[in-house]
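Only one structure is covered here, and it is reproduced in the block below.
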Amino acid sequence: MRKPSQTDSGTEPAAKQIPLKKPLPAGQPRDWYVTHNRRLKAMRLAIALLDSGVYHPATADNRRIRAMADRVGIHPPSDTTCRMVRALIRYGR
């Protein structure tokens, strides 16, 4: 049996706990930050779609991806981010 740590609140399951965010490194060009955040958003959406049963990129159209973003609480993704989500689903197989 494991002892509860200081970070365990006891009210929410371990799967629902959000990891601590670290600040991004300073001094990078603006495009680096945009691309980095876009990749993170695409990864969150791809995981949510896979968890909901969407396993093929052909079934993940822009409308379905944006509906999932709304359901998860993420701002609607751009067309470029939607393409990244489909690529992640495709290459994750």
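Chain lettering (A, B, ...) mirrors the order of the structure tokens, residue numbering begins at 1 for each chain separately, and ligand numbering begins at 1 in order of display.
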
Near range 34-51 of chain A, 7 Å: range 64-89 of chain A residue rows, closest pairs, only C-alpha atoms, as JSON lines:
```
{"residue": "A:Ala69", "atom": "CA", "partner": "A:Leu45", "partner_atom": "CA", "distance": 6.6}
{"residue": "A:Thr81", "atom": "CA", "partner": "A:Ala42", "partner_atom": "CA", "distance": 5.9}
{"residue": "A:Met84", "atom": "CA", "partner": "A:Ala42", "partner_atom": "CA", "distance": 6.0}
{"residue": "A:Val85", "atom": "CA", "partner": "A:Ala42", "partner_atom": "CA", "distance": 4.9}
{"residue": "A:Leu88", "atom": "CA", "partner": "A:Ala46", "partner_atom": "CA", "distance": 6.6}
{"residue": "A:Ile89", "atom": "CA", "partner": "A:Ala46", "partner_atom": "CA", "distance": 6.2}
```

Those residues with N, CA, C and O atoms, as a PDB file, in the first residue's frame please?
```pdb
ATOM      1  N   ALA A  69     -12.239  19.445 -29.441  1.00  0.00           N
ATOM      2  CA  ALA A  69     -11.583  20.557 -28.751  1.00  0.00           C
ATOM      3  C   ALA A  69     -12.578  21.301 -27.864  1.00  0.00           C
ATOM      4  O   ALA A  69     -12.257  21.658 -26.726  1.00  0.00           O
ATOM      5  N   THR A  81      -3.297  22.821 -37.411  1.00  0.00           N
ATOM      6  CA  THR A  81      -3.306  21.959 -36.226  1.00  0.00           C
ATOM      7  C   THR A  81      -4.131  20.703 -36.483  1.00  0.00           C
ATOM      8  O   THR A  81      -3.764  19.608 -36.049  1.00  0.00           O
ATOM      9  N   MET A  84      -2.022  18.314 -38.227  1.00  0.00           N
ATOM     10  CA  MET A  84      -1.069  17.700 -37.301  1.00  0.00           C
ATOM     11  C   MET A  84      -1.730  16.595 -36.488  1.00  0.00           C
ATOM     12  O   MET A  84      -1.117  15.551 -36.230  1.00  0.00           O
ATOM     13  N   VAL A  85      -2.981  16.816 -36.083  1.00  0.00           N
ATOM     14  CA  VAL A  85      -3.711  15.800 -35.314  1.00  0.00           C
ATOM     15  C   VAL A  85      -3.864  14.538 -36.150  1.00  0.00           C
ATOM     16  O   VAL A  85      -3.610  13.423 -35.677  1.00  0.00           O
ATOM     17  N   LEU A  88      -0.572  12.732 -36.364  1.00  0.00           N
ATOM     18  CA  LEU A  88      -0.261  12.008 -35.131  1.00  0.00           C
ATOM     19  C   LEU A  88      -1.067  10.717 -35.032  1.00  0.00           C
ATOM     20  O   LEU A  88      -0.542   9.691 -34.579  1.00  0.00           O
ATOM     21  N   ILE A  89      -2.318  10.761 -35.423  1.00  0.00           N
ATOM     22  CA  ILE A  89      -3.134   9.551 -35.395  1.00  0.00           C
ATOM     23  C   ILE A  89      -2.585   8.539 -36.401  1.00  0.00           C
ATOM     24  O   ILE A  89      -2.495   7.352 -36.114  1.00  0.00           O
TER      25      ILE A  89
END
```

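CA of Ala60 in chain A lies 13.6 Å from CA of Thr80 in chain A.
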